[in-house]
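Visitor: target.cif (mmCIF, N, CA and C atoms) pasted underneath:
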data_work
#
loop_
_atom_site.label_atom_id
_atom_site.label_comp_id
_atom_site.auth_asym_id
_atom_site.auth_seq_id
_atom_site.Cartn_x
_atom_site.Cartn_y
_atom_site.Cartn_z
N MET T 9 214.00 105.18 -73.06
CA MET T 9 212.62 104.77 -72.94
C MET T 9 212.56 103.42 -72.25
N ALA T 10 211.55 103.25 -71.41
CA ALA T 10 211.38 101.99 -70.70
C ALA T 10 211.06 100.87 -71.68
N ARG T 11 211.60 99.71 -71.40
CA ARG T 11 211.28 98.53 -72.20
C ARG T 11 210.16 97.78 -71.47
N LYS T 12 209.13 97.38 -72.24
CA LYS T 12 208.00 96.67 -71.68
C LYS T 12 207.81 95.36 -72.44
N ASP T 13 207.79 94.26 -71.70
CA ASP T 13 207.54 92.95 -72.28
C ASP T 13 206.26 92.39 -71.67
N VAL T 14 205.38 91.92 -72.53
CA VAL T 14 204.08 91.40 -72.10
C VAL T 14 204.15 89.89 -71.95
N PHE T 15 203.58 89.40 -70.87
CA PHE T 15 203.48 87.96 -70.63
C PHE T 15 202.04 87.64 -70.23
N ASP T 16 201.20 87.39 -71.24
CA ASP T 16 199.82 87.03 -70.96
C ASP T 16 199.75 85.54 -70.66
N ASN T 17 198.69 85.14 -69.99
CA ASN T 17 198.49 83.75 -69.60
C ASN T 17 197.41 83.15 -70.50
N PRO T 18 197.76 82.20 -71.36
CA PRO T 18 196.76 81.64 -72.28
C PRO T 18 195.64 80.87 -71.58
N LYS T 19 195.81 80.57 -70.32
CA LYS T 19 194.77 79.85 -69.57
C LYS T 19 193.93 80.77 -68.70
N HIS T 20 194.13 82.08 -68.85
CA HIS T 20 193.41 83.05 -68.03
C HIS T 20 192.71 84.04 -68.94
N TYR T 21 191.56 84.55 -68.54
CA TYR T 21 190.85 85.54 -69.33
C TYR T 21 191.72 86.77 -69.55
N GLU T 22 191.76 87.24 -70.78
CA GLU T 22 192.54 88.43 -71.11
C GLU T 22 191.67 89.42 -71.89
N ASN T 23 192.01 90.68 -71.80
CA ASN T 23 191.41 91.71 -72.65
C ASN T 23 192.57 92.53 -73.21
N PRO T 24 193.19 92.07 -74.28
CA PRO T 24 194.39 92.74 -74.80
C PRO T 24 194.13 94.16 -75.31
N LYS T 25 192.87 94.57 -75.45
CA LYS T 25 192.57 95.95 -75.84
C LYS T 25 192.72 96.90 -74.65
N LEU T 26 192.68 96.34 -73.44
CA LEU T 26 192.67 97.17 -72.24
C LEU T 26 193.91 97.01 -71.37
N TYR T 27 194.44 95.79 -71.27
CA TYR T 27 195.56 95.57 -70.35
C TYR T 27 196.40 94.38 -70.75
N SER T 28 197.55 94.30 -70.12
CA SER T 28 198.42 93.13 -70.21
C SER T 28 198.34 92.41 -68.87
N ARG T 29 198.22 91.12 -68.88
CA ARG T 29 198.13 90.39 -67.61
C ARG T 29 199.45 90.48 -66.85
N GLY T 30 200.53 90.26 -67.56
CA GLY T 30 201.85 90.38 -66.95
C GLY T 30 202.69 91.34 -67.76
N LEU T 31 203.36 92.23 -67.08
CA LEU T 31 204.17 93.23 -67.77
C LEU T 31 205.51 93.34 -67.06
N ARG T 32 206.58 93.03 -67.80
CA ARG T 32 207.93 93.19 -67.24
C ARG T 32 208.49 94.52 -67.72
N LEU T 33 209.01 95.28 -66.77
CA LEU T 33 209.54 96.60 -67.07
C LEU T 33 211.04 96.60 -66.83
N SER T 34 211.80 97.11 -67.78
CA SER T 34 213.24 97.24 -67.61
C SER T 34 213.71 98.51 -68.31
N ASN T 35 214.94 98.89 -68.03
CA ASN T 35 215.56 100.07 -68.66
C ASN T 35 214.75 101.34 -68.48
N PHE T 36 214.27 101.59 -67.27
CA PHE T 36 213.55 102.83 -67.03
C PHE T 36 214.33 103.65 -66.02
N SER T 37 214.11 104.95 -66.05
CA SER T 37 214.86 105.83 -65.16
C SER T 37 213.99 106.49 -64.10
N GLU T 38 212.68 106.50 -64.30
CA GLU T 38 211.81 107.15 -63.32
C GLU T 38 210.41 106.57 -63.36
N LEU T 39 209.72 106.70 -62.24
CA LEU T 39 208.31 106.33 -62.12
C LEU T 39 207.53 107.58 -61.77
N PHE T 40 206.31 107.66 -62.25
CA PHE T 40 205.41 108.78 -61.98
C PHE T 40 204.10 108.18 -61.48
N PHE T 41 203.70 108.52 -60.27
CA PHE T 41 202.49 107.98 -59.64
C PHE T 41 201.38 109.02 -59.69
N ILE T 42 200.20 108.60 -60.09
CA ILE T 42 199.01 109.45 -60.06
C ILE T 42 197.99 108.73 -59.20
N SER T 43 197.54 109.40 -58.15
CA SER T 43 196.61 108.73 -57.25
C SER T 43 195.33 109.55 -57.07
N GLY T 44 194.25 108.84 -56.79
CA GLY T 44 192.98 109.48 -56.50
C GLY T 44 192.49 110.43 -57.57
N TYR T 45 192.64 110.06 -58.83
CA TYR T 45 192.25 110.94 -59.93
C TYR T 45 190.78 110.75 -60.23
N SER T 46 189.98 111.76 -59.94
CA SER T 46 188.54 111.69 -60.18
C SER T 46 188.10 112.92 -60.96
N ALA T 47 186.83 113.02 -61.24
CA ALA T 47 186.28 114.15 -61.98
C ALA T 47 186.00 115.30 -61.02
N ALA T 48 187.05 115.77 -60.37
CA ALA T 48 186.93 116.89 -59.43
C ALA T 48 187.87 118.00 -59.87
N SER T 49 187.36 119.20 -59.91
CA SER T 49 188.19 120.35 -60.26
C SER T 49 188.05 121.37 -59.15
N GLY T 50 188.83 122.40 -59.25
CA GLY T 50 188.79 123.45 -58.23
C GLY T 50 190.12 124.12 -58.10
N PRO T 51 190.26 124.98 -57.11
CA PRO T 51 191.52 125.70 -56.96
C PRO T 51 192.69 124.75 -56.73
N PRO T 52 193.77 124.87 -57.53
CA PRO T 52 194.91 123.96 -57.38
C PRO T 52 195.65 124.11 -56.06
N ASP T 53 195.41 125.24 -55.38
CA ASP T 53 196.08 125.45 -54.09
C ASP T 53 195.24 124.96 -52.92
N GLY T 54 194.08 124.37 -53.21
CA GLY T 54 193.23 123.84 -52.15
C GLY T 54 192.52 124.91 -51.35
N SER T 55 192.46 126.14 -51.86
CA SER T 55 191.85 127.23 -51.12
C SER T 55 190.33 127.18 -51.11
N GLY T 56 189.76 126.29 -51.86
CA GLY T 56 188.31 126.14 -51.88
C GLY T 56 187.94 124.69 -52.05
N PRO T 57 186.67 124.39 -51.91
CA PRO T 57 186.25 122.99 -52.04
C PRO T 57 186.33 122.53 -53.49
N PRO T 58 186.53 121.23 -53.69
CA PRO T 58 186.53 120.72 -55.06
C PRO T 58 185.12 120.78 -55.65
N VAL T 59 185.07 120.89 -56.94
CA VAL T 59 183.81 120.86 -57.67
C VAL T 59 183.76 119.53 -58.41
N VAL T 60 182.75 118.74 -58.16
CA VAL T 60 182.61 117.46 -58.85
C VAL T 60 181.99 117.71 -60.22
N GLU T 61 182.72 117.32 -61.25
CA GLU T 61 182.21 117.44 -62.61
C GLU T 61 181.23 116.30 -62.86
N TYR T 62 180.11 116.60 -63.44
CA TYR T 62 179.08 115.60 -63.77
C TYR T 62 178.69 114.77 -62.54
N PRO T 63 178.17 115.43 -61.50
CA PRO T 63 177.79 114.70 -60.28
C PRO T 63 176.86 113.52 -60.58
N ASN T 64 177.19 112.39 -60.00
CA ASN T 64 176.38 111.18 -60.10
C ASN T 64 176.19 110.65 -61.52
N ASP T 65 177.09 110.99 -62.44
CA ASP T 65 177.03 110.50 -63.82
C ASP T 65 178.35 109.80 -64.12
N ALA T 66 178.40 108.51 -63.90
CA ALA T 66 179.64 107.75 -64.01
C ALA T 66 180.25 107.80 -65.40
N ILE T 67 179.43 107.73 -66.43
CA ILE T 67 179.95 107.71 -67.79
C ILE T 67 180.60 109.05 -68.13
N SER T 68 179.94 110.14 -67.82
CA SER T 68 180.52 111.46 -68.09
C SER T 68 181.76 111.69 -67.24
N GLN T 69 181.76 111.20 -66.01
CA GLN T 69 182.95 111.32 -65.16
C GLN T 69 184.11 110.54 -65.76
N MET T 70 183.86 109.33 -66.25
CA MET T 70 184.92 108.53 -66.84
C MET T 70 185.49 109.22 -68.08
N GLN T 71 184.62 109.77 -68.91
CA GLN T 71 185.06 110.47 -70.11
C GLN T 71 185.89 111.70 -69.71
N TRP T 72 185.44 112.44 -68.70
CA TRP T 72 186.18 113.62 -68.22
C TRP T 72 187.55 113.21 -67.70
N ILE T 73 187.60 112.11 -66.94
CA ILE T 73 188.87 111.64 -66.37
C ILE T 73 189.86 111.30 -67.48
N VAL T 74 189.42 110.54 -68.47
CA VAL T 74 190.31 110.12 -69.55
C VAL T 74 190.83 111.34 -70.33
N GLU T 75 189.94 112.27 -70.68
CA GLU T 75 190.37 113.46 -71.42
C GLU T 75 191.29 114.33 -70.56
N SER T 76 190.96 114.46 -69.30
CA SER T 76 191.76 115.27 -68.39
C SER T 76 193.13 114.64 -68.14
N LEU T 77 193.16 113.33 -67.96
CA LEU T 77 194.43 112.63 -67.75
C LEU T 77 195.36 112.81 -68.94
N ASP T 78 194.81 112.68 -70.12
CA ASP T 78 195.61 112.82 -71.33
C ASP T 78 196.29 114.18 -71.36
N ALA T 79 195.53 115.24 -71.08
CA ALA T 79 196.09 116.60 -71.09
C ALA T 79 197.07 116.79 -69.93
N TYR T 80 196.74 116.24 -68.77
CA TYR T 80 197.58 116.39 -67.57
C TYR T 80 198.96 115.78 -67.78
N ILE T 81 199.00 114.50 -68.19
CA ILE T 81 200.30 113.84 -68.30
C ILE T 81 201.13 114.41 -69.45
N ALA T 82 200.46 114.94 -70.48
CA ALA T 82 201.19 115.53 -71.61
C ALA T 82 201.95 116.78 -71.19
N ASN T 83 201.61 117.34 -70.04
CA ASN T 83 202.29 118.54 -69.52
C ASN T 83 203.31 118.22 -68.45
N VAL T 84 203.51 116.94 -68.17
CA VAL T 84 204.51 116.54 -67.17
C VAL T 84 205.76 116.09 -67.92
N PRO T 85 206.86 116.84 -67.79
CA PRO T 85 208.07 116.48 -68.53
C PRO T 85 208.83 115.33 -67.86
N TYR T 86 209.52 114.56 -68.69
CA TYR T 86 210.46 113.58 -68.15
C TYR T 86 211.56 114.36 -67.44
N SER T 87 212.10 113.80 -66.38
CA SER T 87 213.15 114.51 -65.64
C SER T 87 214.43 114.68 -66.45
N ASP T 88 214.62 113.84 -67.48
CA ASP T 88 215.83 113.99 -68.30
C ASP T 88 215.65 114.98 -69.44
N GLY T 89 214.47 115.59 -69.53
CA GLY T 89 214.23 116.63 -70.53
C GLY T 89 214.00 116.14 -71.95
N THR T 90 213.78 114.83 -72.13
CA THR T 90 213.65 114.29 -73.49
C THR T 90 212.22 114.28 -74.02
N GLY T 91 211.26 114.71 -73.24
CA GLY T 91 209.87 114.70 -73.70
C GLY T 91 208.92 114.79 -72.53
N HIS T 92 207.67 114.42 -72.81
CA HIS T 92 206.61 114.45 -71.81
C HIS T 92 205.91 113.09 -71.77
N TYR T 93 205.24 112.85 -70.66
CA TYR T 93 204.52 111.59 -70.51
C TYR T 93 203.34 111.49 -71.47
N SER T 94 202.95 110.25 -71.78
CA SER T 94 201.79 109.98 -72.62
C SER T 94 201.17 108.65 -72.17
N VAL T 95 200.10 108.29 -72.82
CA VAL T 95 199.43 107.02 -72.50
C VAL T 95 200.38 105.84 -72.71
N ASN T 96 201.39 106.00 -73.58
CA ASN T 96 202.37 104.93 -73.80
C ASN T 96 203.21 104.64 -72.57
N ASP T 97 203.28 105.58 -71.64
CA ASP T 97 204.10 105.41 -70.44
C ASP T 97 203.35 104.77 -69.28
N VAL T 98 202.04 104.58 -69.40
CA VAL T 98 201.26 103.97 -68.32
C VAL T 98 201.62 102.49 -68.24
N ILE T 99 202.07 102.07 -67.05
CA ILE T 99 202.45 100.66 -66.88
C ILE T 99 201.49 99.92 -65.95
N TYR T 100 200.65 100.66 -65.20
CA TYR T 100 199.74 100.03 -64.25
C TYR T 100 198.59 100.99 -63.96
N PHE T 101 197.40 100.44 -63.80
CA PHE T 101 196.27 101.28 -63.40
C PHE T 101 195.30 100.50 -62.52
N ASP T 102 194.62 101.25 -61.69
CA ASP T 102 193.49 100.74 -60.90
C ASP T 102 192.29 101.58 -61.28
N LEU T 103 191.15 100.95 -61.44
CA LEU T 103 189.90 101.65 -61.68
C LEU T 103 189.00 101.35 -60.49
N VAL T 104 188.53 102.41 -59.85
CA VAL T 104 187.67 102.28 -58.68
C VAL T 104 186.31 102.89 -59.03
N LEU T 105 185.26 102.10 -58.85
CA LEU T 105 183.91 102.54 -59.16
C LEU T 105 183.03 102.43 -57.92
N SER T 106 182.05 103.31 -57.85
CA SER T 106 181.07 103.23 -56.77
C SER T 106 180.23 101.97 -56.94
N SER T 107 179.90 101.35 -55.83
CA SER T 107 179.07 100.14 -55.88
C SER T 107 177.65 100.43 -56.33
N THR T 108 177.29 101.70 -56.47
CA THR T 108 175.95 102.06 -56.95
C THR T 108 175.83 101.95 -58.46
N ILE T 109 176.96 101.73 -59.15
CA ILE T 109 176.97 101.65 -60.61
C ILE T 109 176.48 100.28 -61.06
N ASP T 110 175.58 100.26 -62.05
CA ASP T 110 175.09 98.98 -62.57
C ASP T 110 176.06 98.40 -63.59
N GLY T 111 175.81 97.17 -63.98
CA GLY T 111 176.71 96.45 -64.88
C GLY T 111 176.90 97.12 -66.24
N ASP T 112 175.83 97.64 -66.84
CA ASP T 112 175.95 98.31 -68.14
C ASP T 112 176.81 99.56 -68.04
N THR T 113 176.62 100.31 -66.97
CA THR T 113 177.41 101.52 -66.77
C THR T 113 178.87 101.17 -66.55
N ARG T 114 179.13 100.10 -65.82
CA ARG T 114 180.50 99.63 -65.59
C ARG T 114 181.16 99.27 -66.92
N GLU T 115 180.43 98.58 -67.79
CA GLU T 115 180.97 98.22 -69.10
C GLU T 115 181.26 99.45 -69.95
N GLN T 116 180.42 100.47 -69.88
CA GLN T 116 180.65 101.70 -70.63
C GLN T 116 181.89 102.43 -70.09
N ALA T 117 182.06 102.43 -68.79
CA ALA T 117 183.25 103.06 -68.19
C ALA T 117 184.51 102.36 -68.69
N LEU T 118 184.48 101.04 -68.73
CA LEU T 118 185.62 100.28 -69.23
C LEU T 118 185.87 100.58 -70.72
N TYR T 119 184.80 100.80 -71.47
CA TYR T 119 184.94 101.14 -72.88
C TYR T 119 185.73 102.44 -73.05
N TYR T 120 185.42 103.46 -72.24
CA TYR T 120 186.16 104.73 -72.33
C TYR T 120 187.63 104.53 -72.00
N LEU T 121 187.89 103.71 -71.01
CA LEU T 121 189.28 103.44 -70.65
C LEU T 121 189.98 102.66 -71.77
N GLU T 122 189.30 101.69 -72.31
CA GLU T 122 189.84 100.90 -73.43
C GLU T 122 190.12 101.80 -74.63
N SER T 123 189.25 102.76 -74.89
CA SER T 123 189.45 103.69 -76.00
C SER T 123 190.71 104.53 -75.78
N TRP T 124 190.95 104.93 -74.51
CA TRP T 124 192.14 105.73 -74.22
C TRP T 124 193.41 104.91 -74.45
N PHE T 125 193.39 103.65 -74.00
CA PHE T 125 194.56 102.80 -74.15
C PHE T 125 194.74 102.26 -75.56
N ALA T 126 193.78 102.49 -76.45
CA ALA T 126 193.86 101.96 -77.82
C ALA T 126 195.13 102.41 -78.53
N SER T 127 195.59 103.62 -78.25
CA SER T 127 196.77 104.12 -78.95
C SER T 127 198.09 103.70 -78.29
N ALA T 128 198.01 103.08 -77.12
CA ALA T 128 199.24 102.67 -76.42
C ALA T 128 199.92 101.51 -77.16
N ASP T 129 201.22 101.63 -77.32
CA ASP T 129 201.99 100.58 -77.99
C ASP T 129 201.89 99.26 -77.23
N THR T 130 202.01 99.33 -75.91
CA THR T 130 201.90 98.17 -75.04
C THR T 130 200.88 98.49 -73.97
N LYS T 131 199.93 97.61 -73.77
CA LYS T 131 198.90 97.87 -72.77
C LYS T 131 199.51 97.71 -71.37
N PRO T 132 199.05 98.54 -70.44
CA PRO T 132 199.58 98.44 -69.08
C PRO T 132 199.06 97.20 -68.36
N SER T 133 199.71 96.91 -67.26
CA SER T 133 199.21 95.86 -66.38
C SER T 133 198.06 96.47 -65.57
N THR T 134 197.13 95.65 -65.20
CA THR T 134 195.98 96.17 -64.48
C THR T 134 195.93 95.65 -63.06
N GLY T 135 195.36 96.46 -62.20
CA GLY T 135 195.09 96.04 -60.83
C GLY T 135 193.72 95.39 -60.80
N ILE T 136 193.01 95.64 -59.77
CA ILE T 136 191.68 95.07 -59.58
C ILE T 136 190.63 96.13 -59.88
N LEU T 137 189.60 95.78 -60.63
CA LEU T 137 188.46 96.66 -60.78
C LEU T 137 187.75 96.65 -59.43
N LYS T 138 187.83 97.77 -58.75
CA LYS T 138 187.31 97.84 -57.39
C LYS T 138 185.95 98.51 -57.36
N MET T 139 185.04 97.89 -56.66
CA MET T 139 183.73 98.47 -56.41
C MET T 139 183.71 98.80 -54.92
N VAL T 140 183.52 100.08 -54.61
CA VAL T 140 183.56 100.52 -53.23
C VAL T 140 182.25 101.18 -52.84
N GLU T 141 181.99 101.21 -51.56
CA GLU T 141 180.76 101.82 -51.08
C GLU T 141 180.76 103.33 -51.26
N ALA T 142 181.92 103.97 -51.07
CA ALA T 142 181.96 105.41 -51.19
C ALA T 142 183.36 105.87 -51.60
N LEU T 143 183.40 106.97 -52.34
CA LEU T 143 184.65 107.64 -52.67
C LEU T 143 184.69 108.94 -51.86
N ALA T 144 185.57 109.86 -52.21
CA ALA T 144 185.79 111.08 -51.41
C ALA T 144 184.53 111.92 -51.25
N SER T 145 183.66 111.90 -52.24
CA SER T 145 182.41 112.64 -52.21
C SER T 145 181.31 111.72 -52.71
N PRO T 146 180.11 111.84 -52.16
CA PRO T 146 179.02 110.96 -52.63
C PRO T 146 178.71 111.13 -54.12
N GLU T 147 179.08 112.27 -54.70
CA GLU T 147 178.80 112.53 -56.11
C GLU T 147 179.85 111.94 -57.04
N ILE T 148 181.00 111.56 -56.48
CA ILE T 148 182.07 110.96 -57.28
C ILE T 148 181.81 109.46 -57.40
N LEU T 149 181.75 108.98 -58.64
CA LEU T 149 181.44 107.57 -58.89
C LEU T 149 182.61 106.81 -59.49
N VAL T 150 183.63 107.53 -59.96
CA VAL T 150 184.77 106.91 -60.64
C VAL T 150 186.06 107.56 -60.16
N GLU T 151 187.08 106.73 -59.95
CA GLU T 151 188.39 107.24 -59.57
C GLU T 151 189.45 106.30 -60.13
N MET T 152 190.61 106.87 -60.45
CA MET T 152 191.70 106.06 -61.01
C MET T 152 193.00 106.33 -60.28
N GLU T 153 193.86 105.32 -60.32
CA GLU T 153 195.24 105.45 -59.90
C GLU T 153 196.08 104.85 -61.02
N LEU T 154 197.22 105.50 -61.30
CA LEU T 154 198.08 105.04 -62.39
C LEU T 154 199.54 105.12 -61.98
N ILE T 155 200.34 104.27 -62.59
CA ILE T 155 201.79 104.37 -62.48
C ILE T 155 202.31 104.45 -63.91
N LEU T 156 203.19 105.42 -64.14
CA LEU T 156 203.80 105.62 -65.44
C LEU T 156 205.31 105.47 -65.27
N ALA T 157 205.99 105.04 -66.33
CA ALA T 157 207.43 104.86 -66.27
C ALA T 157 208.08 105.42 -67.52
N HIS T 158 209.28 105.96 -67.30
CA HIS T 158 210.09 106.44 -68.43
C HIS T 158 211.51 105.93 -68.24
#
Will you turn the file into structure tokens for me?

Guide:
Amino acid sequence: MARKDVFDNPKHYENPKLYSRGLRLSNFSELFFISGYSAASGPPDGSGPPVVEYPNDAISQMQWIVESLDAYIANVPYSDGTGHYSVNDVIYFDLVLSSTIDGDTREQALYYLESWFASADTKPSTGILKMVEALASPEILVEMELILAH
């Protein structure tokens, strides 16, 4: 199992319920990257267009993403056969939100993410909360990228 050491900065704003400011990783054997994860479903072979779950509803999209991610990573086995990924393996994340989202909605989205990370032994390091003009579809308001380590 990867060893994670947290190095927060006492002179910088922290949210220890959601992330670690500095995270040193050692003794790991593999990395697992998840990119562009949004509330979109559809044929896994790409034979049809994606279906946006909860179009234009950032809070429901965030909740769908967190629940879906949990189930998704639980089905990805470690390459050494010793288990499957979980929220404990997340070492880094980026949260990307549409710039059309207001401040209260942004805070609620962060709450869902914080709730997911609540069970993690060590909080991951965080990237930048990004507000962008557009994502892959105008109906998608939330997207995540994650790095997991084992």

Visitor: Separation of CA of Leu137 (chain T) and CA of Tyr45 (chain T), in Å?

Guide: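 Here the two named atoms are 14.8 Å from each other.
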
Visitor: When DSSP is applied to the backbone of this structure, which of region 10-71 of chain T are assigned helix (DSSP H, G or I)? Write them out as a PyMOL selection string.

Guide: chain T and resi 66-71

Visitor: Out of T:Ser49, T:Ser133, T:Ser55, T:Thr90, which residue has the shortest atom-to-atom distance to Ser76 (chain T) when counting only C-alpha atoms?

Guide: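 Going through T:Ser49, T:Ser133, T:Ser55, T:Thr90 one by one, the smallest distance to Ser76 (chain T) is for T:Ser49.
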
Visitor: Could you pull the residues within 8 Å of Phe125 (chain T), counting all atoms listed in the file, minus those fewer than 3 positions along the same chain, as a PyMOL selection string?

Guide: chain T and resi 25-27+95-96+119-122+128-132

Visitor: Tell me, in Å to one decimal, how far atom C of Trp72 (chain T) is from atom C of Ile136 (chain T).

Guide: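 According to the coordinates, atom C of Trp72 (chain T) and atom C of Ile136 (chain T) are separated by 19.0 Å.
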
Visitor: Counting only C-alpha atoms, which residue out of T:Asp112, T:Glu61, T:Glu151, T:Asp16 sits closest to Ala48 (chain T)?

Guide: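 Answer, going by the shortest atom-to-atom distance: T:Glu61.
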
Visitor: Please determine, counting only N, CA and C atoms, which residue among T:Ala144, T:Ala82, T:Ile155, T:Met9 has the shortest atom-to-atom distance to Val98 (chain T).

Guide: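 Of T:Ala144, T:Ala82, T:Ile155, T:Met9, the one nearest Val98 (chain T) is T:Ile155, counting only N, CA and C atoms.
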
Visitor: Any idea what the distance is between atom C of Val140 (chain T) and atom C of Gln69 (chain T)?

Guide: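 Between these atoms lies a distance of 16.1 Å.
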
Visitor: Could you list, as a ChimeraX atom specification, every residue matched by the PyMOL selection byres (((chain T and resi 157 and name CA) around 9) and name CA) in this structure?

Guide: /T:9-10,33,36-41,93,97-99,155-156,158

Visitor: Skip Ser43 (chain T) itself and residues of its chain fewer than 3 positions away, then list as a VMD selection string all residues within 7 Å of it, counting all atoms listed in the file.

Guide: chain T and resid 46 152 to 154

Visitor: Next, write the just-selected residues to a file, as a PDB file, keeping the file's coordinate frame, keeping N, CA and C atoms as the atom set.

Guide:
ATOM      1  N   SER T  46     189.980 111.760 -59.940  1.00  0.00           N
ATOM      2  CA  SER T  46     188.540 111.690 -60.180  1.00  0.00           C
ATOM      3  C   SER T  46     188.100 112.920 -60.960  1.00  0.00           C
ATOM      4  N   MET T 152     190.610 106.870 -60.450  1.00  0.00           N
ATOM      5  CA  MET T 152     191.700 106.060 -61.010  1.00  0.00           C
ATOM      6  C   MET T 152     193.000 106.330 -60.280  1.00  0.00           C
ATOM      7  N   GLU T 153     193.860 105.320 -60.320  1.00  0.00           N
ATOM      8  CA  GLU T 153     195.240 105.450 -59.900  1.00  0.00           C
ATOM      9  C   GLU T 153     196.080 104.850 -61.020  1.00  0.00           C
ATOM     10  N   LEU T 154     197.220 105.500 -61.300  1.00  0.00           N
ATOM     11  CA  LEU T 154     198.080 105.040 -62.390  1.00  0.00           C
ATOM     12  C   LEU T 154     199.540 105.120 -61.980  1.00  0.00           C
TER      13      LEU T 154
END

Visitor: Applied to the shown file, which residues does the PyMOL selection byres ((chain T and resi 149) around 6) return, written as a list in words?

Guide: Asn64, Ala66, Val104, Leu105, Ser106, Pro146, Glu147, Ile148, Val150 and Glu151 of chain T

Visitor: I need the residues of chain T that end up classed as strand (DSSP E or B) by DSSP on the backbone, written out as a PyMOL selection string.

Guide: chain T and resi 11-14+28+31-34+39-46+48-49+59-60+85+92+98-106+133-140+150-157

Visitor: Enclose region 63-77 of chain T, meaning all of its atoms listed in the file, in a box aligned along x, y and z, pad it by 8 Å on each side, and list the centre and edge lengths in Å to one decimal, as lines of an AutoDock Vina configuration file.

Guide:
center_x = 185.8
center_y = 111.6
center_z = -65.7
size_x = 35.2
size_y = 23.7
size_z = 27.4

Visitor: Ranking T:Ser68, T:Met139, T:Val60, T:Lys12 by minimum distance to Leu31 (chain T) and counting all atoms listed in the file, which one comes first?

Guide: T:Lys12
